[in-house]
Every structure is written in structure tokens, then in C-alpha cells.
file model.csv (CSV, C-alpha atoms)
chain,number,residue,atom,x,y,z
A,1,MET,CA,14.1,-18.9,1.2
A,2,THR,CA,13.6,-17.9,4.9
A,3,PRO,CA,15.5,-15.1,6.6
A,4,ARG,CA,17.3,-17.6,8.8
A,5,PHE,CA,18.7,-19.5,5.9
A,6,VAL,CA,19.7,-16.4,4.1
A,7,LEU,CA,21.5,-15.1,7.2
A,8,ARG,CA,23.5,-18.3,7.6
A,9,SER,CA,24.4,-18.3,3.9
A,10,SER,CA,25.8,-14.8,3.9
A,11,GLU,CA,27.8,-15.5,7.0
A,12,ALA,CA,29.2,-18.8,5.6
A,13,LEU,CA,30.2,-17.1,2.3
A,14,ASN,CA,32.0,-14.3,4.2
A,15,GLY,CA,33.7,-16.8,6.3
A,16,LEU,CA,35.0,-18.8,3.3
A,17,ALA,CA,36.3,-15.5,1.8
A,18,GLU,CA,38.7,-15.2,4.8
A,19,ASP,CA,40.1,-18.7,4.3
A,20,GLY,CA,43.6,-18.4,2.9
A,21,ARG,CA,43.2,-21.6,0.9
A,22,LEU,CA,40.5,-19.9,-1.1
A,23,VAL,CA,42.2,-16.7,-2.1
A,24,PRO,CA,41.6,-17.2,-5.9
A,25,TRP,CA,37.9,-17.2,-5.2
A,26,ARG,CA,37.8,-14.5,-2.6
A,27,SER,CA,36.3,-11.7,-4.8
A,28,HIS,CA,33.6,-14.1,-6.0
A,29,LEU,CA,32.8,-15.2,-2.4
A,30,LEU,CA,32.6,-11.6,-1.1
A,31,ASP,CA,30.3,-10.7,-4.0
A,32,ALA,CA,28.0,-13.7,-3.3
A,33,GLY,CA,28.0,-12.8,0.4
A,34,SER,CA,27.0,-9.3,-0.3
A,35,ARG,CA,24.2,-10.4,-2.6
A,36,GLN,CA,22.9,-12.8,0.0
A,37,ALA,CA,22.9,-10.1,2.7
A,38,GLY,CA,20.9,-7.9,0.3
A,39,ILE,CA,18.3,-10.7,-0.1
A,40,ARG,CA,18.1,-11.0,3.7
A,41,ARG,CA,17.4,-7.2,4.0
A,42,GLU,CA,14.7,-7.4,1.4
A,43,THR,CA,13.1,-10.5,3.1
A,44,GLU,CA,13.1,-9.0,6.6
A,45,PHE,CA,11.9,-5.6,5.5
A,46,ARG,CA,8.4,-4.6,6.8
A,47,HIS,CA,6.5,-1.4,7.2
A,48,GLY,CA,5.9,-0.3,10.8
A,49,ARG,CA,2.7,-0.2,12.7
A,50,LEU,CA,1.1,3.1,13.5
A,51,SER,CA,2.6,3.3,17.1
A,52,GLU,CA,6.0,2.5,15.7
A,53,VAL,CA,5.7,5.1,12.9
A,54,VAL,CA,4.6,7.9,15.2
A,55,GLU,CA,7.3,7.1,17.7
A,56,VAL,CA,10.1,7.6,15.2
A,57,LEU,CA,8.8,10.9,13.9
A,58,ASP,CA,10.2,14.2,15.3
A,59,ASN,CA,7.4,15.5,17.6
A,60,GLY,CA,5.0,13.5,15.5
A,61,ARG,CA,5.7,15.5,12.3
A,62,PRO,CA,7.1,13.9,9.1
A,63,ALA,CA,10.7,14.8,8.5
A,64,ASN,CA,10.7,13.7,4.9
A,65,VAL,CA,8.4,12.2,2.3
A,66,SER,CA,9.1,8.7,3.4
A,67,ASP,CA,7.9,9.5,6.9
A,68,LEU,CA,4.8,11.1,5.3
A,69,ALA,CA,4.0,8.0,3.3
A,70,ALA,CA,4.6,5.7,6.3
A,71,LEU,CA,2.3,7.8,8.5
A,72,THR,CA,-0.4,7.9,5.9
A,73,MET,CA,-0.2,4.1,5.3
A,74,ALA,CA,-0.3,3.4,9.0
A,75,TYR,CA,-3.6,5.4,9.4
A,76,VAL,CA,-5.0,3.7,6.3
A,77,ARG,CA,-4.3,0.3,7.9
A,78,GLU,CA,-6.0,1.5,11.1
A,79,ILE,CA,-9.1,2.7,9.2
A,80,ALA,CA,-9.2,-0.6,7.2
A,81,MET,CA,-9.3,-2.6,10.5
A,82,GLU,CA,-12.1,-0.4,11.8
A,83,ILE,CA,-14.1,-0.9,8.5
A,84,ARG,CA,-13.7,-4.7,8.8
A,85,ASP,CA,-13.9,-5.4,12.5
A,86,GLY,CA,-15.3,-2.2,14.1
A,87,ARG,CA,-18.5,-2.2,16.0
A,88,THR,CA,-20.1,0.5,13.8
A,89,SER,CA,-20.0,-1.6,10.6
A,90,ASP,CA,-18.2,1.1,8.6
A,91,TRP,CA,-18.2,-1.2,5.5
A,92,ARG,CA,-21.8,0.0,5.0
A,93,GLN,CA,-20.5,3.5,3.9
A,94,TYR,CA,-19.2,1.9,0.7
A,95,TRP,CA,-22.6,0.4,-0.4
A,96,SER,CA,-25.9,1.6,-1.7
A,97,PHE,CA,-28.9,0.2,0.1
A,98,ASP,CA,-32.3,-0.7,-1.4
A,99,ALA,CA,-35.1,1.6,-0.1
A,100,LEU,CA,-37.5,-1.2,0.8
A,101,ASN,CA,-35.5,-3.6,2.9
A,102,ARG,CA,-32.4,-1.4,3.7
A,103,ARG,CA,-30.1,-4.2,2.5
A,104,PRO,CA,-26.8,-3.6,0.7
A,105,GLU,CA,-27.6,-3.6,-3.0
A,106,ARG,CA,-24.6,-2.6,-4.9
A,107,PRO,CA,-21.1,-1.0,-4.4
A,108,LYS,CA,-20.9,2.7,-4.5
A,109,PRO,CA,-19.0,4.4,-7.4
A,110,GLU,CA,-15.2,4.8,-7.0
A,111,ASN,CA,-15.3,8.5,-6.2
A,112,GLU,CA,-17.8,8.0,-3.4
A,113,CYS,CA,-15.7,5.2,-1.9
A,114,ARG,CA,-12.6,7.5,-2.1
A,115,ASN,CA,-14.5,10.3,-0.4
A,116,ALA,CA,-15.7,8.1,2.5
A,117,LEU,CA,-12.1,7.0,3.1
A,118,LEU,CA,-10.7,10.5,2.7
A,119,SER,CA,-13.1,11.8,5.3
A,120,ASP,CA,-11.8,9.4,7.9
A,121,LEU,CA,-8.1,9.8,6.8
A,122,ARG,CA,-8.3,13.6,6.8
A,123,HIS,CA,-9.5,13.7,10.3
A,124,ARG,CA,-6.5,11.7,11.6
A,125,LEU,CA,-3.9,13.5,9.5
A,126,GLN,CA,-5.0,17.0,10.3
A,127,ARG,CA,-4.2,16.4,14.0
A,128,MET,CA,-0.6,16.0,12.7
A,129,GLY,CA,-0.7,19.1,10.6
A,130,VAL,CA,-0.9,17.1,7.4
A,131,ASN,CA,-3.3,18.0,4.6
A,132,ALA,CA,-5.3,15.6,2.4
A,133,TRP,CA,-7.4,16.5,-0.5
A,134,GLU,CA,-8.9,14.9,-3.6
A,135,GLU,CA,-7.7,15.1,-7.2
A,136,GLY,CA,-4.2,16.7,-6.8
A,137,ARG,CA,-2.6,17.8,-10.0
A,138,TYR,CA,0.6,16.1,-11.4
A,139,ALA,CA,2.7,15.9,-14.5
A,140,ASN,CA,1.0,16.6,-17.9
A,141,ASP,CA,-2.1,17.9,-16.0
A,142,THR,CA,-2.9,14.4,-14.7
A,143,ARG,CA,-4.8,14.1,-11.4
A,144,ALA,CA,-4.2,11.6,-8.6
A,145,ASP,CA,-7.4,10.5,-6.7
A,146,VAL,CA,-5.9,11.8,-3.4
A,147,THR,CA,-2.9,13.9,-2.4
A,148,ILE,CA,-1.3,13.9,1.0
A,149,SER,CA,0.9,16.9,1.7
A,150,PHE,CA,3.1,18.4,4.4
A,151,ARG,CA,5.5,21.2,3.8
A,152,ASP,CA,7.1,20.4,0.4
A,153,PHE,CA,6.4,16.7,0.7
A,154,LYS,CA,3.7,15.1,-1.3
A,155,VAL,CA,2.3,11.5,-1.5
A,156,PRO,CA,-0.1,10.7,-4.3
A,157,VAL,CA,-2.8,8.1,-3.7
A,158,GLU,CA,-4.5,6.2,-6.5
A,159,THR,CA,-7.7,4.3,-5.7
A,160,LYS,CA,-9.5,1.6,-7.5
A,161,ARG,CA,-12.5,-0.7,-6.9
A,162,SER,CA,-11.7,-4.4,-7.1
A,163,CYS,CA,-13.7,-4.7,-10.3
A,164,HIS,CA,-12.0,-1.8,-12.1
A,165,PRO,CA,-10.7,-2.9,-15.6
A,166,GLU,CA,-7.3,-1.2,-14.9
A,167,LEU,CA,-7.0,-2.8,-11.4
A,168,TRP,CA,-3.7,-4.6,-12.3
A,169,SER,CA,-2.2,-1.9,-14.5
A,170,GLY,CA,-3.1,1.2,-12.5
A,171,VAL,CA,-0.2,1.0,-10.1
A,172,ARG,CA,2.3,1.3,-13.0
A,173,LYS,CA,0.5,3.2,-15.7
A,174,GLN,CA,-0.9,5.9,-13.3
A,175,LEU,CA,0.8,5.9,-9.9
A,176,ILE,CA,4.4,5.1,-10.9
A,177,ALA,CA,4.5,6.5,-14.4
A,178,LYS,CA,2.6,9.8,-13.7
A,179,TYR,CA,2.1,10.8,-10.1
A,180,SER,CA,5.1,9.5,-8.1
A,181,ARG,CA,7.4,11.4,-10.6
A,182,ASP,CA,6.5,14.6,-8.9
A,183,PRO,CA,9.6,16.2,-7.2
A,184,GLY,CA,7.6,16.5,-3.9
A,185,ALA,CA,6.8,12.7,-4.0
A,186,ASP,CA,10.4,11.5,-4.8
A,187,GLY,CA,9.0,8.2,-6.2
A,188,HIS,CA,6.6,7.6,-3.3
A,189,GLY,CA,3.0,6.7,-3.7
A,190,ILE,CA,0.1,4.6,-2.3
A,191,TYR,CA,-2.2,2.3,-4.2
A,192,LEU,CA,-5.5,1.6,-2.5
A,193,VAL,CA,-8.1,-0.9,-3.6
A,194,PHE,CA,-11.6,-1.3,-2.3
A,195,TRP,CA,-12.4,-5.0,-2.2
A,196,PHE,CA,-16.1,-5.8,-2.6
A,197,GLY,CA,-15.9,-9.6,-2.8
A,198,SER,CA,-17.6,-11.6,-5.5
A,199,THR,CA,-20.8,-9.5,-5.7
A,200,VAL,CA,-22.4,-9.7,-9.1
A,201,HIS,CA,-22.2,-5.9,-9.4
A,202,CYS,CA,-18.5,-5.7,-8.9
A,203,ARG,CA,-16.7,-9.0,-9.5
A,204,PRO,CA,-12.9,-9.0,-9.1
A,205,THR,CA,-10.9,-8.3,-12.2
A,206,PRO,CA,-8.9,-11.4,-13.2
A,207,GLY,CA,-5.2,-11.1,-13.3
A,208,VAL,CA,-2.2,-13.1,-14.5
A,209,GLY,CA,-2.6,-15.5,-11.6
A,210,GLY,CA,-6.3,-15.9,-12.0
A,211,THR,CA,-9.2,-14.1,-10.2
A,212,PRO,CA,-8.3,-13.2,-6.6
A,213,ILE,CA,-10.6,-14.7,-4.0
A,214,SER,CA,-9.8,-12.4,-1.0
A,215,ALA,CA,-8.6,-8.9,-0.2
A,216,HIS,CA,-5.4,-10.4,1.3
A,217,GLN,CA,-4.7,-12.5,-1.9
A,218,LEU,CA,-5.2,-9.4,-4.1
A,219,GLU,CA,-2.9,-7.3,-2.0
A,220,LYS,CA,-0.2,-10.0,-2.1
A,221,ARG,CA,-0.4,-10.3,-5.9
A,222,LEU,CA,-0.2,-6.6,-6.4
A,223,LEU,CA,2.9,-6.4,-4.2
A,224,GLU,CA,4.5,-9.3,-6.0
A,225,ALA,CA,4.1,-7.5,-9.3
A,226,LEU,CA,6.4,-4.7,-8.0
A,227,SER,CA,10.2,-5.0,-7.9
A,228,ALA,CA,12.0,-4.9,-4.5
A,229,LYS,CA,13.1,-1.4,-5.3
A,230,GLU,CA,9.6,-0.3,-6.1
A,231,ARG,CA,8.2,-1.8,-2.9
A,232,ARG,CA,10.4,0.6,-0.9
A,233,LYS,CA,8.4,3.6,-2.1
A,234,ILE,CA,5.2,2.2,-3.5
A,235,LEU,CA,2.8,1.1,-0.8
A,236,VAL,CA,-0.3,-1.1,-1.4
A,237,CYS,CA,-3.3,-1.7,0.7
A,238,VAL,CA,-6.5,-3.6,-0.2
A,239,ILE,CA,-9.4,-2.5,2.1
A,240,ASP,CA,-12.0,-5.2,2.6
A,241,VAL,CA,-15.4,-3.5,2.3
A,242,SER,CA,-17.3,-6.6,1.4
A,243,ILE,CA,-20.6,-7.4,3.0
A,244,ALA,CA,-20.1,-8.7,6.5
A,245,ASP,CA,-21.6,-12.1,7.4

call {"tool": "encode", "arguments": {"input": "model.csv", "output": "C-alpha cells"}}
result
Amino acid sequence: MTPRFVLRSSEALNGLAEDGRLVPWRSHLLDAGSRQAGIRRETEFRHGRLSEVVEVLDNGRPANVSDLAALTMAYVREIAMEIRDGRTSDWRQYWSFDALNRRPERPKPENECRNALLSDLRHRLQRMGVNAWEEGRYANDTRADVTISFRDFKVPVETKRSCHPELWSGVRKQLIAKYSRDPGADGHGIYLVFWFGSTVHCRPTPGVGGTPISAHQLEKRLLEALSAKERRKILVCVIDVSIAD
């Protein structure tokens, strides 16, 4: 259902509720109109670009944990674009190369991938007075891969390679169930996946809908697995670090 159709539906239902001839059904029509308006809001919702996010922050500083998550995600998206399309071929940071021909041989371990991303992310966030470090502690002495913090706000970040056996369950079993419960996170969290393509050393983990064939498709499926309420606070980004053609 497209946003335009939903918008017209909600207006039509509210208009019918005002029709005196339909008084017996007025409460049902108002309820249906309200639900349709909710669908429209969910359909039209989108996370802002970096310039939009920075613009709404007070002096560039996060005013709450939602701001902090949005700012972090905007920078992650910026880094992801540079990795894929930048002139410096930053995707190479995520691969080990053979000593003889200097060709990409196999994906680096997950912690090394996390550290490479964290280095770029930390540099950007520090300019805003925001801290970022690896393996922050959470409930029951569990540890998120990365923690972003500012004042009392905290955003846990869980990272996975696209071949990780818990690729599809990590967002719920780790990020939502353990890390986002922290009072400083208030339910917020970011799930990051490094996409290595179909390389023999890191083939994508199959999911319910089959094996994803691209970073975009994997991100879409991970988001679809979340409820509309969860998508308000749990952000997902799949970073394409596959070998460039």
C-alpha cells in the first residue's frame, strides 16, 4: 500500500464518520481512520541524512539518546559510502592480501573489521564531543561490540560479518535482548553487518527467505524482521566491503 493510497483512505474514513446518516458506525469509522493514519506514518517514516540530523541538533550536540543514535547512524552511512565508492578503495581495509600478488585473499576476522570501522567512526564523533569504544559492558556482564556515549546517553552497536552463523538472530538475541535494555540506551541500538559478497571464505548465511545476494537485500530483510515499533529504535546498516570490480 503506497503512502498516497493510505492518506486518501484515512481522509475518506474520517469524512464518512462525520456523515449524519452513518452515526451507528461512527466509532468504527473513526477507529479505522486512526489505524490508517498510523499506517501512513509508518510508511512515510525515514531516518534523516547526515546534514539533516546535524541541523536539528542543538549546537551539533545530541539532546537525547535518539539524537545520538541518529547522528551515529548518519556517520556510519557516510563511511559506508566512502568504503564502496571512495577514491581510496577503503574496502581493502577489511581484507587480508596474499604476500605474493597482493590480491585480496580472505575477509579479515570480525574484530578487525569492527576496529577498522570504529577508527573512522571515532574520528567523526569526537569532533561532536561523542565517545566511541569497543566492547562496552551491559546487563549480566555481556559486552556489545561497540558503545557510543554522550553524557548519560548510550547506544550499543552489535557487528557481524555476513557469514556469521548468528547473522539473523543476533539483532534480537544480543542487541535487543541484552544491550538495548541498558537505561542509558532506552531501547536504542545499531546492528551493523559487513557484507563480503559470495566469496568462498565468507559465504552469506542463508535466512528464512533464502540466501541474500546483495548488501541491500540483506539489509532489507533484516529490517523486515523487526516490528514497526522496533524499527523506531533499532537501526540496521549493511556495509558493502566486497571486492570491487

call {"tool": "atom_distance", "arguments": {"input": "model.csv", "atom1": "atom CA of Lys108 of chain A", "atom2": "atom CA of Gly170 of chain A"}}
result
19.6 Å

call {"tool": "closest_residue", "arguments": {"input": "model.csv", "among": "A:Lys173, A:Arg127, A:Arg87, A:His188", "to": "Lys154 of chain A", "atoms": "only C-alpha atoms"}}
result
A:His188

call {"tool": "atom_distance", "arguments": {"input": "model.csv", "atom1": "atom CA of Asp152 of chain A", "atom2": "atom CA of Gly184 of chain A"}}
result
5.8 Å

call {"tool": "residues_near_point", "arguments": {"input": "model.csv", "point": "(-16.5, -4.9, 1.6)", "cutoff": "10 Å", "atoms": "only C-alpha atoms", "output": "list in words"}}
result
Ile83, Arg84, Asp90, Trp91, Arg92, Gln93, Tyr94, Trp95, Pro107, Ser162, Phe194, Trp195, Phe196, Gly197, Ser198, Thr199, Ala215, Ile239, Asp240, Val241, Ser242, Ile243 and Ala244 of chain A

call {"tool": "residues_near_point", "arguments": {"input": "model.csv", "point": "(-3.6, 3.8, -4.8)", "cutoff": "10 Å", "atoms": "only C-alpha atoms", "output": "PyMOL selection string"}}
result
chain A and resi 144-146+156-160+167+170-171+174-175+189-194+234-238

call {"tool": "closest_residue", "arguments": {"input": "model.csv", "among": "A:Lys229, A:Arg106, A:Arg221, A:Arg151", "to": "Gly209 of chain A", "atoms": "only C-alpha atoms"}}
result
A:Arg221

call {"tool": "atom_distance", "arguments": {"input": "model.csv", "atom1": "atom CA of Glu135 of chain A", "atom2": "atom CA of Pro109 of chain A"}}
result
15.6 Å

call {"tool": "residues_around", "arguments": {"input": "model.csv", "residues": "Pro206 of chain A", "least_positions_apart": "2", "cutoff": "12 Å", "atoms": "all atoms listed in the file", "output": "ChimeraX atom specification"}}
result
/A:162-169,198,202-204,208-213,218,221

call {"tool": "write_last_selection", "arguments": {"input": "model.csv", "atoms": "C-alpha atoms", "output": "JSON list (two decimals), in the coordinates of the input"}}
result
[["chain", "number", "residue", "atom", "x", "y", "z"],
["A", 162, "SER", "CA", -11.70, -4.40, -7.10],
["A", 163, "CYS", "CA", -13.70, -4.70, -10.30],
["A", 164, "HIS", "CA", -12.00, -1.80, -12.10],
["A", 165, "PRO", "CA", -10.70, -2.90, -15.60],
["A", 166, "GLU", "CA", -7.30, -1.20, -14.90],
["A", 167, "LEU", "CA", -7.00, -2.80, -11.40],
["A", 168, "TRP", "CA", -3.70, -4.60, -12.30],
["A", 169, "SER", "CA", -2.20, -1.90, -14.50],
["A", 198, "SER", "CA", -17.60, -11.60, -5.50],
["A", 202, "CYS", "CA", -18.50, -5.70, -8.90],
["A", 203, "ARG", "CA", -16.70, -9.00, -9.50],
["A", 204, "PRO", "CA", -12.90, -9.00, -9.10],
["A", 208, "VAL", "CA", -2.20, -13.10, -14.50],
["A", 209, "GLY", "CA", -2.60, -15.50, -11.60],
["A", 210, "GLY", "CA", -6.30, -15.90, -12.00],
["A", 211, "THR", "CA", -9.20, -14.10, -10.20],
["A", 212, "PRO", "CA", -8.30, -13.20, -6.60],
["A", 213, "ILE", "CA", -10.60, -14.70, -4.00],
["A", 218, "LEU", "CA", -5.20, -9.40, -4.10],
["A", 221, "ARG", "CA", -0.40, -10.30, -5.90]]

call {"tool": "decode", "arguments": {"input": "model.csv", "residues": "segment 68-91 of chain A", "atoms": "N, CA and C atoms", "output": "compact mmCIF listing (two decimals), in the first residue's frame"}}
result
# COMPACT_ATOMS: atom_id res chain seq x y z
N LEU A 68 21.52 10.80 19.51
CA LEU A 68 22.83 10.16 19.47
C LEU A 68 22.83 8.99 18.49
N ALA A 69 21.77 8.20 18.51
CA ALA A 69 21.67 7.07 17.58
C ALA A 69 21.59 7.55 16.14
N ALA A 70 20.78 8.59 15.90
CA ALA A 70 20.62 9.13 14.55
C ALA A 70 21.92 9.71 14.02
N LEU A 71 22.64 10.42 14.88
CA LEU A 71 23.92 11.01 14.47
C LEU A 71 24.93 9.92 14.13
N THR A 72 25.00 8.90 14.98
CA THR A 72 25.93 7.79 14.75
C THR A 72 25.60 7.09 13.45
N MET A 73 24.32 6.82 13.22
CA MET A 73 23.92 6.11 12.01
C MET A 73 24.22 6.94 10.77
N ALA A 74 24.04 8.24 10.86
CA ALA A 74 24.32 9.10 9.71
C ALA A 74 25.81 9.03 9.35
N TYR A 75 26.67 9.03 10.36
CA TYR A 75 28.10 8.91 10.10
C TYR A 75 28.46 7.53 9.55
N VAL A 76 27.81 6.48 10.06
CA VAL A 76 28.05 5.13 9.55
C VAL A 76 27.69 5.06 8.07
N ARG A 77 26.55 5.65 7.70
CA ARG A 77 26.15 5.68 6.29
C ARG A 77 27.18 6.42 5.45
N GLU A 78 27.70 7.51 5.97
CA GLU A 78 28.71 8.28 5.25
C GLU A 78 29.96 7.44 5.02
N ILE A 79 30.39 6.73 6.07
CA ILE A 79 31.56 5.87 5.96
C ILE A 79 31.31 4.75 4.97
N ALA A 80 30.12 4.16 5.02
CA ALA A 80 29.77 3.07 4.10
C ALA A 80 29.86 3.51 2.65
N MET A 81 29.42 4.74 2.37
CA MET A 81 29.52 5.26 1.00
C MET A 81 30.97 5.43 0.58
N GLU A 82 31.81 5.89 1.49
CA GLU A 82 33.23 6.07 1.17
C GLU A 82 33.90 4.73 0.93
N ILE A 83 33.54 3.72 1.73
CA ILE A 83 34.11 2.39 1.55
C ILE A 83 33.80 1.85 0.16
N ARG A 84 32.55 2.04 -0.26
CA ARG A 84 32.11 1.47 -1.53
C ARG A 84 32.53 2.31 -2.73
N ASP A 85 32.39 3.63 -2.62
CA ASP A 85 32.56 4.48 -3.81
C ASP A 85 33.71 5.47 -3.72
N GLY A 86 34.42 5.51 -2.60
CA GLY A 86 35.51 6.47 -2.44
C GLY A 86 36.71 6.16 -3.32
N ARG A 87 37.54 7.17 -3.53
CA ARG A 87 38.71 7.01 -4.41
C ARG A 87 39.82 6.18 -3.77
N THR A 88 39.80 6.05 -2.44
CA THR A 88 40.89 5.37 -1.75
C THR A 88 40.66 3.87 -1.57
N SER A 89 39.58 3.32 -2.13
CA SER A 89 39.30 1.87 -2.07
C SER A 89 39.37 1.36 -0.63
N ASP A 90 38.59 2.00 0.26
CA ASP A 90 38.65 1.64 1.68
C ASP A 90 38.14 0.24 1.97
N TRP A 91 37.49 -0.41 1.03
CA TRP A 91 37.06 -1.79 1.24
C TRP A 91 38.25 -2.70 1.49
